[in-house]
Amino acid sequence: MTNTKIIKRKHTTRLIGLICAGIIGLTAASQAAQTSKAAQPYTLDNIRNYIVGIDEPVELEDGTKTTAINFDNAATTPALQPVVDEVTEKLKMYGAIGRSVSQKASYSTDVCSEVRGKVLDFVNADKDKYTCIYVNNTTDGLNKLASALVTDKSDIILTTRMEHHSNDLPWRERCQVIYAEVDELGRVRYDELEEKLKTNKVKYVSVTAASNVTGYVTDVHRIAAMAHQYGAMIIVDGAQIVAHRAFSMAGETPEEDIDFFVFSAHKMYSPFGGGAVVGRTDVLKDHMPQMYGGGTIDIVSDYKQVYTTAPGKYEPGSPNYPGIVGLGKAIDILREIGFDKIQEHEQALNRKLIDGLLDLGMKVYGDTQDISDRVGVVTFNDEHTNSALLAGKLSRMGGVATRRGAFCSHPYVWRLLGVSDDTVMTYEGCAEPKTPGMIRVSFGIYNTEEEVDRFLEILPKAIEEVKQDLAKNPLDAPEEY
Ligand SMILES: Cc1ncc(COP(=O)(O)O)c(C=O)c1O
């Protein structure tokens with residue numbers, strides 16, 4: 001090879017090297033940009049950028065398209081992009097959980113145990129005292145607890161008239177249920193709860209941490225102290241608290257500690273299913289699960305089987321890996337944003353909405369003055385307009401997603417609406433819009449005051465249009481809200 005050829009080749013090699021270095025440099029730079037974007041702290045100010053589908057247009061009845069306003073977060077929350085990303089990332093190492101020997105199997109198994117720890121930290125649960133059982137959702141968790149903890153039809157469960165059906169029917173179907181009433185504004189009557197504890201041999205008190213109808217936050221630690229004083233344990237339905245306020249299993253004194261807590265991941269921006277029961281290991285070890293099968297046993301011979309302890313005993317079959325991964329990431333993000341900030345934000349949205357609704361002459365349920373014990377849930381009616389038709393109109397005319405009806409909390413909603421128990425059953429078999437109900441707005445971390453303003457602008461127009469529609473096509477039944 002001649003010198004010139006060598007020089008030329010050296011030159012070309014250097015050039016290629018430089019180009020490659022450039023490309024690598026650029027890639028590294030753009031990766032860094034992406035990483036820093038992903039790594040920036042999640043805050044209330046930037047969280048809208050991470051809500052999947054936030055700008056996805058929806059079609060209105062006039063054929064135009066608009067960006068939807070999602071005020072239905074108490075039913076379910078949209079997905080957070082980092083939650084989706086985490087699931088996608090961790091699926092690369094997905095393998096059988098808790099049953100196989102391979103790199104991917106042990107990776108997935110480790111992920112599931114890490115998230116268990118994260119869940120326990122999330123609700124400030126002492127790991128020596130509590131375990132975390134993965135469930136499908138709150139309904140599943142409460143049914144699992146009811147099935148395990150109720151040992152006799154004569155067991156007495158004390159709950160309240162504020163509950164979601166998922167914290168009422170699982171008990172009704174298995175044992176004796178007694179209820180503490182709510183007051184005229186819809187808050188739980190603690191005096192009555194204590195009286196019922198005094199006068200009945202209550203085994204478990206099961207209460208919601210926050211109402212899905214009025215947003216009231218229950219003082220569950222106060223109830224825990226009462227329950228323990230009278231020899232009962234406390235179960236808390238956490239479905240409506242986990243995305244709104246910090247929750248602690250530990251009270252200020254050991255008497256105030258919570259015994260069991262249940263919640264769903266889909267109400268905290270992780271739509272892959274799943275949720276958890278956090279419960280006392282010492283109690284759970286002595287009970288039996290609702291379902292039997294793989295994963296629940298220690299050893300099985302031809303005619304004998306020995307069950308393992310919690311959590312395994314209560315987790316039959318293969319777990320929901322994406323649900324568990326998503327839950328873990330959602331916990332990280334909510335904690336990073338901070339529950340103090342979330343609470344403050346929701347209070348501001350609640351105040352603005354309630355004042356606006358009152359100014360428009362709406363009937364707003366619950367306490368509209370002191371809203372400090374309410375998460376971002378507001379229910380209302382225009383007392384002259386059918387609420388089912390109105391909710392439909394809000395969506396078709398303005399792209400606003402609300403929920404209408406009695407929100408799987410019939411006894412509570414009937415009380416707030418003033419529908420007597422004698423008349424309730426006359427609605428059996430009735431479909432919307434002929435059933436009584438209310439409209440619910442429920443906020444998420446990404447909702448804004450501008451959205452509330454837009455909603456308050458759309459509402460009177462929607463009411464007017466429903467009135468016009470009804471004048472043309474009246475309902476063939478007495479008009480209900
Ligand atoms: C207070 C309360 N409890 C329980 C549930 C049931 O939750 P899931 O549908 O996730 O089982 C809900 C759902 O809206 C709720 O609001």
# chains A, B, ... in the order shown; residues from 1 in each chain; ligands from 1
$ residues_near_ligand --ligand "ligand 1" --cutoff "10 Å" --atoms "only C-alpha atoms and all ligand atoms" --output "PyMOL selection string"
chain A and resi 73-76+135-143+162-168+207-213+215+236-241+262-267+273-275+407-409
$ write_last_selection --atoms "N, CA and C atoms" --output "compact mmCIF listing (two decimals), in the first residue's frame"
# COMPACT_ATOMS: atom_id res chain seq x y z
N ASN A 73 -63.70 11.67 37.57
CA ASN A 73 -62.52 10.98 38.11
C ASN A 73 -62.83 10.07 39.30
N ALA A 74 -63.99 10.28 39.94
CA ALA A 74 -64.33 9.39 41.06
C ALA A 74 -64.69 8.01 40.53
N ALA A 75 -65.17 7.96 39.29
CA ALA A 75 -65.50 6.66 38.69
C ALA A 75 -64.21 5.95 38.30
N THR A 76 -63.40 6.63 37.51
CA THR A 76 -62.08 6.11 37.17
C THR A 76 -61.24 7.27 36.66
N VAL A 135 -55.26 -7.38 45.01
CA VAL A 135 -56.63 -7.76 44.64
C VAL A 135 -56.95 -7.11 43.30
N ASN A 136 -58.14 -7.40 42.77
CA ASN A 136 -58.50 -6.82 41.46
C ASN A 136 -58.94 -5.37 41.56
N ASN A 137 -59.64 -5.05 42.63
CA ASN A 137 -60.13 -3.69 42.86
C ASN A 137 -60.71 -3.63 44.27
N THR A 138 -61.29 -2.50 44.64
CA THR A 138 -61.82 -2.36 46.00
C THR A 138 -62.95 -3.35 46.26
N THR A 139 -63.82 -3.52 45.28
CA THR A 139 -64.96 -4.43 45.44
C THR A 139 -64.45 -5.84 45.72
N ASP A 140 -63.48 -6.25 44.97
CA ASP A 140 -62.88 -7.57 45.16
C ASP A 140 -62.25 -7.66 46.55
N GLY A 141 -61.51 -6.64 46.94
CA GLY A 141 -60.83 -6.64 48.24
C GLY A 141 -61.82 -6.72 49.39
N LEU A 142 -62.90 -5.95 49.29
CA LEU A 142 -63.89 -5.96 50.38
C LEU A 142 -64.61 -7.32 50.43
N ASN A 143 -64.89 -7.89 49.27
CA ASN A 143 -65.51 -9.22 49.27
C ASN A 143 -64.56 -10.26 49.85
N MET A 162 -73.57 6.02 54.49
CA MET A 162 -72.86 6.81 53.48
C MET A 162 -72.14 5.93 52.47
N GLU A 163 -72.25 4.62 52.65
CA GLU A 163 -71.35 3.71 51.93
C GLU A 163 -71.70 3.46 50.46
N HIS A 164 -70.67 3.14 49.72
CA HIS A 164 -70.80 2.59 48.37
C HIS A 164 -71.32 1.16 48.52
N HIS A 165 -72.07 0.66 47.56
CA HIS A 165 -72.61 -0.71 47.67
C HIS A 165 -71.51 -1.75 47.93
N SER A 166 -70.30 -1.45 47.44
CA SER A 166 -69.21 -2.42 47.60
C SER A 166 -68.79 -2.57 49.06
N ASN A 167 -69.18 -1.61 49.90
CA ASN A 167 -68.89 -1.75 51.33
C ASN A 167 -70.18 -1.94 52.12
N ASP A 168 -71.18 -2.47 51.46
CA ASP A 168 -72.46 -2.72 52.13
C ASP A 168 -72.93 -4.14 51.77
N VAL A 207 -66.08 1.26 57.22
CA VAL A 207 -66.49 2.61 56.80
C VAL A 207 -65.65 3.10 55.63
N THR A 208 -66.23 4.03 54.90
CA THR A 208 -65.46 4.61 53.80
C THR A 208 -64.57 5.74 54.32
N ALA A 209 -63.40 5.87 53.70
CA ALA A 209 -62.50 6.96 54.09
C ALA A 209 -62.95 8.28 53.48
N ALA A 210 -63.60 8.18 52.31
CA ALA A 210 -64.14 9.39 51.67
C ALA A 210 -65.33 8.98 50.82
N SER A 211 -66.36 9.81 50.83
CA SER A 211 -67.59 9.46 50.11
C SER A 211 -67.46 9.77 48.62
N ASN A 212 -67.99 8.87 47.82
CA ASN A 212 -68.01 9.09 46.37
C ASN A 212 -69.20 9.95 45.95
N VAL A 213 -70.01 10.39 46.92
CA VAL A 213 -71.20 11.19 46.59
C VAL A 213 -71.02 12.65 47.04
N GLY A 215 -67.98 13.55 48.85
CA GLY A 215 -66.55 13.80 49.05
C GLY A 215 -66.15 13.93 50.51
N VAL A 236 -61.40 -0.12 56.41
CA VAL A 236 -61.64 1.16 55.74
C VAL A 236 -61.64 0.97 54.22
N ASP A 237 -62.71 1.45 53.59
CA ASP A 237 -62.81 1.46 52.13
C ASP A 237 -62.07 2.71 51.65
N GLY A 238 -60.92 2.49 51.03
CA GLY A 238 -60.08 3.63 50.66
C GLY A 238 -60.21 4.05 49.21
N ALA A 239 -61.24 3.56 48.50
CA ALA A 239 -61.34 3.82 47.06
C ALA A 239 -61.25 5.31 46.71
N GLN A 240 -61.90 6.16 47.52
CA GLN A 240 -61.96 7.58 47.15
C GLN A 240 -60.94 8.44 47.88
N ILE A 241 -60.05 7.84 48.65
CA ILE A 241 -59.08 8.68 49.36
C ILE A 241 -57.71 8.63 48.69
N VAL A 262 -58.55 -0.93 52.04
CA VAL A 262 -58.70 -1.50 50.69
C VAL A 262 -58.78 -0.37 49.66
N PHE A 263 -58.12 -0.55 48.53
CA PHE A 263 -58.24 0.48 47.48
C PHE A 263 -57.96 -0.09 46.09
N SER A 264 -58.31 0.69 45.06
CA SER A 264 -58.15 0.30 43.65
C SER A 264 -57.11 1.18 42.96
N ALA A 265 -56.35 0.59 42.04
CA ALA A 265 -55.34 1.36 41.30
C ALA A 265 -55.97 2.21 40.18
N HIS A 266 -57.12 1.75 39.65
CA HIS A 266 -57.66 2.49 38.50
C HIS A 266 -58.22 3.86 38.90
N LYS A 267 -58.35 4.10 40.21
CA LYS A 267 -58.79 5.42 40.65
C LYS A 267 -57.59 6.31 40.97
N GLY A 273 -55.90 -2.32 36.10
CA GLY A 273 -56.56 -3.19 37.07
C GLY A 273 -55.69 -3.31 38.31
N GLY A 274 -56.21 -3.99 39.28
CA GLY A 274 -55.42 -4.21 40.50
C GLY A 274 -55.75 -3.22 41.59
N GLY A 275 -55.27 -3.56 42.75
CA GLY A 275 -55.50 -2.77 43.95
C GLY A 275 -54.93 -3.57 45.10
N PHE A 407 -74.92 6.57 41.92
CA PHE A 407 -73.49 6.29 42.10
C PHE A 407 -73.19 5.05 42.94
N CYS A 408 -73.97 4.00 42.78
CA CYS A 408 -73.76 2.76 43.56
C CYS A 408 -73.75 3.05 45.06
N SER A 409 -74.49 4.07 45.44
CA SER A 409 -74.60 4.41 46.87
C SER A 409 -76.06 4.77 47.11
$ residues_around --residues "Arg187 (chain A)" --least-positions-apart "3" --cutoff "7 Å" --atoms "only C-alpha atoms" --output "compact mmCIF listing (two decimals) with N, CA and C atoms, in the first residue's frame"
# COMPACT_ATOMS: atom_id res chain seq x y z
N VAL A 182 -76.60 9.21 58.76
CA VAL A 182 -75.89 10.45 58.42
C VAL A 182 -76.76 11.61 58.90
N ASP A 183 -76.16 12.77 59.10
CA ASP A 183 -76.95 13.92 59.56
C ASP A 183 -77.58 14.63 58.36
N TYR A 216 -67.10 13.76 51.44
CA TYR A 216 -66.74 13.89 52.86
C TYR A 216 -65.65 12.89 53.24
$ residues_around --residues "His244 (chain A)" --least-positions-apart "5" --cutoff "9 Å" --atoms "only C-alpha atoms" --output "list of chain:residue names"
A:Met268, A:Leu334, A:Phe339, A:Ile342, A:Gln343, A:Glu346, A:Val375, A:Gly376, A:Gly444, A:Ile445
$ write_last_selection --atoms "N, CA and C atoms" --output "compact mmCIF listing (two decimals), in the first residue's frame"
# COMPACT_ATOMS: atom_id res chain seq x y z
N MET A 268 -56.39 5.80 40.67
CA MET A 268 -55.19 6.61 40.89
C MET A 268 -54.26 6.57 39.67
N LEU A 334 -47.86 10.27 42.65
CA LEU A 334 -48.74 11.01 43.57
C LEU A 334 -47.94 11.54 44.76
N PHE A 339 -49.47 15.29 48.54
CA PHE A 339 -50.90 15.33 48.87
C PHE A 339 -51.34 16.68 49.43
N ILE A 342 -52.18 18.56 46.37
CA ILE A 342 -53.38 18.02 45.72
C ILE A 342 -54.62 18.49 46.48
N GLN A 343 -54.54 18.43 47.80
CA GLN A 343 -55.69 18.82 48.62
C GLN A 343 -56.03 20.31 48.42
N GLU A 346 -57.64 20.81 45.01
CA GLU A 346 -59.03 20.34 44.97
C GLU A 346 -59.96 21.27 45.74
N VAL A 375 -63.21 15.91 49.69
CA VAL A 375 -62.30 15.77 48.54
C VAL A 375 -63.04 16.30 47.31
N GLY A 376 -62.40 16.25 46.16
CA GLY A 376 -62.95 16.90 44.97
C GLY A 376 -64.15 16.21 44.35
N GLY A 444 -59.79 15.46 39.25
CA GLY A 444 -58.50 14.78 39.30
C GLY A 444 -57.39 15.82 39.42
N ILE A 445 -56.15 15.34 39.55
CA ILE A 445 -55.02 16.25 39.76
C ILE A 445 -54.79 17.21 38.59
$ atom_distance --atom1 "CA of Ile258 (chain A)" --atom2 "CA of Thr77 (chain A)"
26.0 Å
$ select_by_dssp --residues "region 324-439 of chain A" --states "alpha helix (DSSP H)" --output "ChimeraX atom specification"
/A:324-337,339-359,387-398,410-417,421-424
$ select_by_dssp --residues "region 198-263 of chain A" --states "strand (DSSP E)" --output "list in words"
Val202, Lys203, Tyr204, Val205, Ser206, Val207, Thr208, Met233, Ile234, Ile235, Val236, Asp237, Phe260, Phe261, Val262 and Phe263 of chain A
$ write_last_selection --atoms "C-alpha atoms" --output "short mmCIF file (atom, residue, chain, number, x, y, z; two decimals), in the first residue's frame"
data_model
loop_
_atom_site.label_atom_id
_atom_site.label_comp_id
_atom_site.auth_asym_id
_atom_site.auth_seq_id
_atom_site.Cartn_x
_atom_site.Cartn_y
_atom_site.Cartn_z
CA VAL A 202 -70.02 -5.54 66.84
CA LYS A 203 -67.25 -7.61 65.28
CA TYR A 204 -66.12 -5.22 62.56
CA VAL A 205 -66.81 -1.60 61.74
CA SER A 206 -66.48 -1.00 58.00
CA VAL A 207 -66.49 2.61 56.80
CA THR A 208 -65.46 4.61 53.80
CA MET A 233 -61.87 -4.08 64.45
CA ILE A 234 -62.03 -1.48 61.69
CA ILE A 235 -62.02 -1.93 57.92
CA VAL A 236 -61.64 1.16 55.74
CA ASP A 237 -62.81 1.46 52.13
CA PHE A 260 -57.69 -3.19 57.23
CA PHE A 261 -57.60 -0.81 54.27
CA VAL A 262 -58.70 -1.50 50.69
CA PHE A 263 -58.24 0.48 47.48
#
$ closest_residue --among "A:Glu255, A:Asp373, A:Asp126, A:Glu336" --to "Ile47 (chain A)" --atoms "only C-alpha atoms"
A:Glu336
$ residues_around --residues "Thr423 (chain A)" --least-positions-apart "5" --cutoff "12 Å" --atoms "only C-alpha atoms" --output "ChimeraX atom specification"
/A:411,414-415,418,428,435-436
$ atom_distance --atom1 "CA of Thr66 (chain A)" --atom2 "CA of Leu390 (chain A)"
18.5 Å
